[in-house]
Amino acid sequence: MEILRTVADCLRWSRSRRSSGGEETSQLIGLVPTMGALHAGHASLIRAARARCAHVAVSIFVNPTQFGPNEDYARYPRSFDADCALAQGEGADAIFAPSVEEMYPPGAATFVEVEGLDSRLDGASRPGHFRGVATVVAKLFIAAQPDLAFFGQKDAAQVSILRRMVADLRLPTEIIVCPIIREPDGLALSSRNVYLSADERRQARALSRAVRWIEAMAAKGERNPAVLAEAARQIFAAEPLVRVDYAELVDWATLEPVESAAPGTLFAVAAWVGTTRLIDNTILG
Ligand code: PAF
């Protein structure tokens, strides 16, 4: 497995891999963008990429521009050697792990903004977050030139932003969305779960309980978004360490609130559990 540190090296890797099968063979390049601290959720993305692509790169870059000034950039978990071992075990061919200076050269003043969508859901409580995500993902796509890029549904709002960016810029990369991977008790896997104390970890199950409860209510025919969102809030109210940021039913493409929940509607929640902000969601069936 190759470790690539610069955009030029990553671009070279991608171009050489694409041409490695000769002109007749389709040599799909897959990219799994990550911020490291890889877990079973990331492993499932790498496996999905491996299944569909001839060549798979995993990027590991803790992107400073998607963290607010009082967020956890400095203490975000970093475990490069373990990440490389996991990625290699799942069949990745290359790791792209640039420095901050490589991704943001001194004086960098160019950013990608997905207007409107970037101030919905997480964008409302984390101003600038999606601008940072769109910018870094555009840079990763320029470096790796992927045909397919793999993201988890857990970051459902991020997926909407990136799909819009790809469509607007007519980028030649398809966004592939993979299912949320959960702990046996339902908690969605997240690199931030390591921050939780034992009490917080117990109460964090409220997020997936709310998701399951809303799925069940919708399956029984409840369509009113206000009723569904209130039911979720009731679940959080029983957990003193949990403070809801949002619990909303929105159109997955536009992130705008829906008037009536329907198949394909995104129910998304974000909550602070102690000082850790967690998210979860479901696409109603
Ligand atoms: O989902 C993530 O881990 C990050 O937001 C991403 C897409 C790697 C961009 O930094």
# chains A, B, ... in the order shown; residues from 1 in each chain; ligands from 1
$ residues_near_ligand --ligand "ligand 1" --cutoff "6 Å" --atoms "only C-alpha atoms and all ligand atoms" --output "list in words"
Pro33, Thr34, Met35, Asn63, Val133 and Val137 of chain A
$ residues_around --residues "range 94-107 of chain A" --least-positions-apart "4" --cutoff "6 Å" --atoms "only C-alpha atoms" --output "list in words"
Met1, Glu2, Ile3, Leu4, Arg5, Thr6, Ala57, Val58, Ser59, Ile60 and Phe61 of chain A
$ write_last_selection --atoms "all heavy atoms" --output "PDB file, in the first residue's frame"
ATOM      1  N   MET A   1       0.854  -1.194   0.000  1.00  0.00           N
ATOM      2  CA  MET A   1       0.000   0.000   0.000  1.00  0.00           C
ATOM      3  C   MET A   1       0.891   1.246   0.000  1.00  0.00           C
ATOM      4  O   MET A   1       1.812   1.352   0.808  1.00  0.00           O
ATOM      5  CB  MET A   1      -0.893  -0.004   1.250  1.00  0.00           C
ATOM      6  CG  MET A   1      -1.947   1.059   1.249  1.00  0.00           C
ATOM      7  SD  MET A   1      -3.038   0.956   2.700  1.00  0.00           S
ATOM      8  CE  MET A   1      -1.917   1.450   4.008  1.00  0.00           C
ATOM      9  N   GLU A   2       0.587   2.160  -0.911  1.00  0.00           N
ATOM     10  CA  GLU A   2       1.419   3.368  -1.018  1.00  0.00           C
ATOM     11  C   GLU A   2       0.910   4.463  -0.077  1.00  0.00           C
ATOM     12  O   GLU A   2      -0.295   4.612   0.108  1.00  0.00           O
ATOM     13  CB  GLU A   2       1.369   3.911  -2.448  1.00  0.00           C
ATOM     14  CG  GLU A   2       2.090   3.031  -3.449  1.00  0.00           C
ATOM     15  CD  GLU A   2       2.093   3.665  -4.833  1.00  0.00           C
ATOM     16  OE1 GLU A   2       2.558   4.807  -4.966  1.00  0.00           O
ATOM     17  OE2 GLU A   2       1.610   2.997  -5.759  1.00  0.00           O
ATOM     18  N   ILE A   3       1.828   5.222   0.487  1.00  0.00           N
ATOM     19  CA  ILE A   3       1.453   6.394   1.291  1.00  0.00           C
ATOM     20  C   ILE A   3       1.820   7.632   0.470  1.00  0.00           C
ATOM     21  O   ILE A   3       2.988   7.835   0.132  1.00  0.00           O
ATOM     22  CB  ILE A   3       2.219   6.439   2.645  1.00  0.00           C
ATOM     23  CG1 ILE A   3       2.130   5.108   3.395  1.00  0.00           C
ATOM     24  CG2 ILE A   3       1.729   7.611   3.492  1.00  0.00           C
ATOM     25  CD1 ILE A   3       0.844   4.823   4.083  1.00  0.00           C
ATOM     26  N   LEU A   4       0.813   8.422   0.145  1.00  0.00           N
ATOM     27  CA  LEU A   4       1.016   9.598  -0.705  1.00  0.00           C
ATOM     28  C   LEU A   4       0.852  10.840   0.165  1.00  0.00           C
ATOM     29  O   LEU A   4      -0.110  10.939   0.926  1.00  0.00           O
ATOM     30  CB  LEU A   4      -0.026   9.597  -1.831  1.00  0.00           C
ATOM     31  CG  LEU A   4      -0.149   8.266  -2.600  1.00  0.00           C
ATOM     32  CD1 LEU A   4      -1.446   8.219  -3.411  1.00  0.00           C
ATOM     33  CD2 LEU A   4       1.064   8.061  -3.495  1.00  0.00           C
ATOM     34  N   ARG A   5       1.797  11.765   0.040  1.00  0.00           N
ATOM     35  CA  ARG A   5       1.776  12.930   0.936  1.00  0.00           C
ATOM     36  C   ARG A   5       1.441  14.238   0.221  1.00  0.00           C
ATOM     37  O   ARG A   5       1.130  15.226   0.865  1.00  0.00           O
ATOM     38  CB  ARG A   5       3.153  13.084   1.619  1.00  0.00           C
ATOM     39  CG  ARG A   5       3.499  11.928   2.549  1.00  0.00           C
ATOM     40  CD  ARG A   5       2.721  12.022   3.846  1.00  0.00           C
ATOM     41  NE  ARG A   5       3.085  10.967   4.775  1.00  0.00           N
ATOM     42  CZ  ARG A   5       2.502  10.800   5.954  1.00  0.00           C
ATOM     43  NH1 ARG A   5       1.539  11.604   6.342  1.00  0.00           N
ATOM     44  NH2 ARG A   5       2.857   9.823   6.753  1.00  0.00           N
ATOM     45  N   THR A   6       1.589  14.248  -1.109  1.00  0.00           N
ATOM     46  CA  THR A   6       1.342  15.510  -1.813  1.00  0.00           C
ATOM     47  C   THR A   6       0.234  15.318  -2.860  1.00  0.00           C
ATOM     48  O   THR A   6      -0.014  14.201  -3.321  1.00  0.00           O
ATOM     49  CB  THR A   6       2.608  16.015  -2.532  1.00  0.00           C
ATOM     50  OG1 THR A   6       2.933  15.086  -3.575  1.00  0.00           O
ATOM     51  CG2 THR A   6       3.780  16.167  -1.573  1.00  0.00           C
ATOM     52  N   ALA A  57      -8.215   4.388  -3.035  1.00  0.00           N
ATOM     53  CA  ALA A  57      -7.416   5.254  -2.156  1.00  0.00           C
ATOM     54  C   ALA A  57      -8.284   5.689  -0.984  1.00  0.00           C
ATOM     55  O   ALA A  57      -9.493   5.918  -1.138  1.00  0.00           O
ATOM     56  CB  ALA A  57      -6.937   6.480  -2.925  1.00  0.00           C
ATOM     57  N   VAL A  58      -7.647   5.776   0.179  1.00  0.00           N
ATOM     58  CA  VAL A  58      -8.321   6.292   1.378  1.00  0.00           C
ATOM     59  C   VAL A  58      -7.588   7.579   1.749  1.00  0.00           C
ATOM     60  O   VAL A  58      -6.361   7.566   1.866  1.00  0.00           O
ATOM     61  CB  VAL A  58      -8.214   5.280   2.542  1.00  0.00           C
ATOM     62  CG1 VAL A  58      -8.799   5.855   3.827  1.00  0.00           C
ATOM     63  CG2 VAL A  58      -8.909   3.965   2.182  1.00  0.00           C
ATOM     64  N   SER A  59      -8.319   8.688   1.871  1.00  0.00           N
ATOM     65  CA  SER A  59      -7.640   9.896   2.325  1.00  0.00           C
ATOM     66  C   SER A  59      -7.822  10.036   3.828  1.00  0.00           C
ATOM     67  O   SER A  59      -8.889   9.719   4.377  1.00  0.00           O
ATOM     68  CB  SER A  59      -8.135  11.141   1.587  1.00  0.00           C
ATOM     69  OG  SER A  59      -9.488  11.368   1.885  1.00  0.00           O
ATOM     70  N   ILE A  60      -6.736  10.467   4.475  1.00  0.00           N
ATOM     71  CA  ILE A  60      -6.756  10.694   5.927  1.00  0.00           C
ATOM     72  C   ILE A  60      -6.274  12.121   6.134  1.00  0.00           C
ATOM     73  O   ILE A  60      -5.092  12.424   5.929  1.00  0.00           O
ATOM     74  CB  ILE A  60      -5.828   9.698   6.660  1.00  0.00           C
ATOM     75  CG1 ILE A  60      -6.337   8.266   6.458  1.00  0.00           C
ATOM     76  CG2 ILE A  60      -5.739  10.043   8.142  1.00  0.00           C
ATOM     77  CD1 ILE A  60      -5.472   7.192   7.112  1.00  0.00           C
ATOM     78  N   PHE A  61      -7.203  12.995   6.479  1.00  0.00           N
ATOM     79  CA  PHE A  61      -6.838  14.406   6.637  1.00  0.00           C
ATOM     80  C   PHE A  61      -7.835  15.048   7.592  1.00  0.00           C
ATOM     81  O   PHE A  61      -9.034  15.108   7.293  1.00  0.00           O
ATOM     82  CB  PHE A  61      -6.867  15.121   5.276  1.00  0.00           C
ATOM     83  CG  PHE A  61      -6.517  16.584   5.369  1.00  0.00           C
ATOM     84  CD1 PHE A  61      -5.244  16.988   5.769  1.00  0.00           C
ATOM     85  CD2 PHE A  61      -7.463  17.560   5.070  1.00  0.00           C
ATOM     86  CE1 PHE A  61      -4.927  18.340   5.877  1.00  0.00           C
ATOM     87  CE2 PHE A  61      -7.154  18.915   5.175  1.00  0.00           C
ATOM     88  CZ  PHE A  61      -5.875  19.301   5.562  1.00  0.00           C
TER      89      PHE A  61
END
$ closest_residue --among "A:Leu148, A:Leu189, A:Ala218, A:Leu28" --to "Gly285 in chain A" --atoms "only C-alpha atoms"
A:Ala218
$ atom_distance --atom1 "CA of Val114 in chain A" --atom2 "CA of Ile176 in chain A"
19.0 Å
$ closest_residue --among "A:Ala37, A:Ala108, A:Val56, A:Ala8" --to "Arg75 in chain A" --atoms "only C-alpha atoms"
A:Ala37
$ atom_distance --atom1 "CA of Asp245 in chain A" --atom2 "CA of Trp272 in chain A"
6.9 Å
$ residues_around --residues "Ser190 in chain A" --least-positions-apart "5" --cutoff "9 Å" --atoms "only C-alpha atoms" --output "list in words"
Leu38, His39, Gly41, Lys154, Leu278 and Ile279 of chain A
$ closest_residue --among "A:Arg205, A:His42, A:Arg192, A:Lys220" --to "Arg78 in chain A" --atoms "only C-alpha atoms"
A:Arg192
$ select_by_dssp --residues "range 84-234 of chain A" --states "alpha helix (DSSP H)" --output "PyMOL selection string"
chain A and resi 84-89+100-103+122-125+129-144+156-168+198-203+205-219+225-234
$ write_last_selection --atoms "C-alpha atoms" --output "PDB file, in the first residue's frame"
ATOM      1  CA  CYS A  84      -3.073   2.433   7.761  1.00  0.00           C
ATOM      2  CA  ALA A  85      -3.284  -1.110   9.148  1.00  0.00           C
ATOM      3  CA  LEU A  86      -7.094  -1.081   8.966  1.00  0.00           C
ATOM      4  CA  ALA A  87      -7.144   0.391   5.449  1.00  0.00           C
ATOM      5  CA  GLN A  88      -4.586  -2.136   4.227  1.00  0.00           C
ATOM      6  CA  GLY A  89      -6.503  -4.984   5.867  1.00  0.00           C
ATOM      7  CA  VAL A 100      -2.396  21.091   6.278  1.00  0.00           C
ATOM      8  CA  GLU A 101       0.085  23.259   4.296  1.00  0.00           C
ATOM      9  CA  GLU A 102      -0.222  20.916   1.309  1.00  0.00           C
ATOM     10  CA  MET A 103      -4.017  21.217   1.257  1.00  0.00           C
ATOM     11  CA  ASP A 122     -25.489  21.039  10.993  1.00  0.00           C
ATOM     12  CA  GLY A 123     -24.731  24.138   8.934  1.00  0.00           C
ATOM     13  CA  ALA A 124     -27.122  26.146  11.138  1.00  0.00           C
ATOM     14  CA  SER A 125     -25.344  25.293  14.379  1.00  0.00           C
ATOM     15  CA  HIS A 129     -18.693  23.707   8.568  1.00  0.00           C
ATOM     16  CA  PHE A 130     -20.063  22.713   5.157  1.00  0.00           C
ATOM     17  CA  ARG A 131     -17.943  25.326   3.374  1.00  0.00           C
ATOM     18  CA  GLY A 132     -14.916  23.550   4.870  1.00  0.00           C
ATOM     19  CA  VAL A 133     -16.265  20.120   3.898  1.00  0.00           C
ATOM     20  CA  ALA A 134     -17.103  21.122   0.306  1.00  0.00           C
ATOM     21  CA  THR A 135     -13.743  22.823  -0.116  1.00  0.00           C
ATOM     22  CA  VAL A 136     -11.666  19.926   1.129  1.00  0.00           C
ATOM     23  CA  VAL A 137     -13.668  17.300  -0.758  1.00  0.00           C
ATOM     24  CA  ALA A 138     -13.265  19.309  -3.978  1.00  0.00           C
ATOM     25  CA  LYS A 139      -9.504  19.381  -3.318  1.00  0.00           C
ATOM     26  CA  LEU A 140      -9.457  15.630  -2.597  1.00  0.00           C
ATOM     27  CA  PHE A 141     -11.355  14.968  -5.834  1.00  0.00           C
ATOM     28  CA  ILE A 142      -8.853  17.107  -7.773  1.00  0.00           C
ATOM     29  CA  ALA A 143      -5.970  15.152  -6.223  1.00  0.00           C
ATOM     30  CA  ALA A 144      -7.371  11.622  -6.566  1.00  0.00           C
ATOM     31  CA  ALA A 156     -26.663  12.651   5.489  1.00  0.00           C
ATOM     32  CA  ALA A 157     -26.540  16.452   5.251  1.00  0.00           C
ATOM     33  CA  GLN A 158     -22.916  16.264   4.091  1.00  0.00           C
ATOM     34  CA  VAL A 159     -24.037  13.856   1.349  1.00  0.00           C
ATOM     35  CA  SER A 160     -26.685  16.374   0.126  1.00  0.00           C
ATOM     36  CA  ILE A 161     -24.105  19.178   0.052  1.00  0.00           C
ATOM     37  CA  LEU A 162     -21.584  17.057  -1.863  1.00  0.00           C
ATOM     38  CA  ARG A 163     -24.165  15.777  -4.355  1.00  0.00           C
ATOM     39  CA  ARG A 164     -25.155  19.392  -5.058  1.00  0.00           C
ATOM     40  CA  MET A 165     -21.483  20.384  -5.450  1.00  0.00           C
ATOM     41  CA  VAL A 166     -20.802  17.499  -7.855  1.00  0.00           C
ATOM     42  CA  ALA A 167     -23.893  18.381  -9.915  1.00  0.00           C
ATOM     43  CA  ASP A 168     -23.195  22.139  -9.954  1.00  0.00           C
ATOM     44  CA  ALA A 198     -19.758   5.625  30.614  1.00  0.00           C
ATOM     45  CA  ASP A 199     -22.893   7.596  31.618  1.00  0.00           C
ATOM     46  CA  GLU A 200     -22.853   9.605  28.407  1.00  0.00           C
ATOM     47  CA  ARG A 201     -22.346   6.456  26.356  1.00  0.00           C
ATOM     48  CA  ARG A 202     -25.493   4.950  27.948  1.00  0.00           C
ATOM     49  CA  GLN A 203     -27.574   8.067  27.322  1.00  0.00           C
ATOM     50  CA  ARG A 205     -28.432   5.501  22.817  1.00  0.00           C
ATOM     51  CA  ALA A 206     -31.307   8.018  22.838  1.00  0.00           C
ATOM     52  CA  LEU A 207     -30.295   9.112  19.327  1.00  0.00           C
ATOM     53  CA  SER A 208     -30.765   5.710  17.719  1.00  0.00           C
ATOM     54  CA  ARG A 209     -33.860   5.073  19.879  1.00  0.00           C
ATOM     55  CA  ALA A 210     -35.374   8.271  18.488  1.00  0.00           C
ATOM     56  CA  VAL A 211     -34.504   7.191  14.953  1.00  0.00           C
ATOM     57  CA  ARG A 212     -36.127   3.768  15.417  1.00  0.00           C
ATOM     58  CA  TRP A 213     -39.198   5.317  17.083  1.00  0.00           C
ATOM     59  CA  ILE A 214     -39.750   7.787  14.253  1.00  0.00           C
ATOM     60  CA  GLU A 215     -39.353   4.967  11.708  1.00  0.00           C
ATOM     61  CA  ALA A 216     -41.996   2.973  13.597  1.00  0.00           C
ATOM     62  CA  MET A 217     -44.422   5.915  13.866  1.00  0.00           C
ATOM     63  CA  ALA A 218     -44.009   6.708  10.156  1.00  0.00           C
ATOM     64  CA  ALA A 219     -44.514   3.037   9.271  1.00  0.00           C
ATOM     65  CA  PRO A 225     -43.442  16.322  10.857  1.00  0.00           C
ATOM     66  CA  ALA A 226     -44.230  18.356  13.978  1.00  0.00           C
ATOM     67  CA  VAL A 227     -45.727  15.304  15.717  1.00  0.00           C
ATOM     68  CA  LEU A 228     -42.786  13.111  14.692  1.00  0.00           C
ATOM     69  CA  ALA A 229     -40.164  15.669  15.754  1.00  0.00           C
ATOM     70  CA  GLU A 230     -41.905  16.186  19.096  1.00  0.00           C
ATOM     71  CA  ALA A 231     -41.938  12.414  19.695  1.00  0.00           C
ATOM     72  CA  ALA A 232     -38.167  12.392  19.178  1.00  0.00           C
ATOM     73  CA  ARG A 233     -37.716  15.320  21.558  1.00  0.00           C
ATOM     74  CA  GLN A 234     -39.690  13.423  24.236  1.00  0.00           C
TER      75      GLN A 234
END
$ atom_distance --atom1 "CA of Gln66 in chain A" --atom2 "CA of Gly186 in chain A"
26.9 Å
$ closest_residue --among "A:Ser119, A:Thr275, A:Ser14, A:Gln153" --to "Cys178 in chain A" --atoms "only C-alpha atoms"
A:Gln153
$ select_by_dssp --residues "range 56-98 of chain A" --states "strand (DSSP E)" --output "PyMOL selection string"
chain A and resi 56-60+94-96
$ closest_residue --among "A:Thr276, A:Ser260, A:Thr173, A:Thr254" --to "Val242 in chain A" --atoms "only C-alpha atoms"
A:Thr276
$ residues_around --residues "Ala74 in chain A" --least-positions-apart "3" --cutoff "9 Å" --atoms "only C-alpha atoms" --output "list in words"
Pro64, Glu71 and Pro77 of chain A
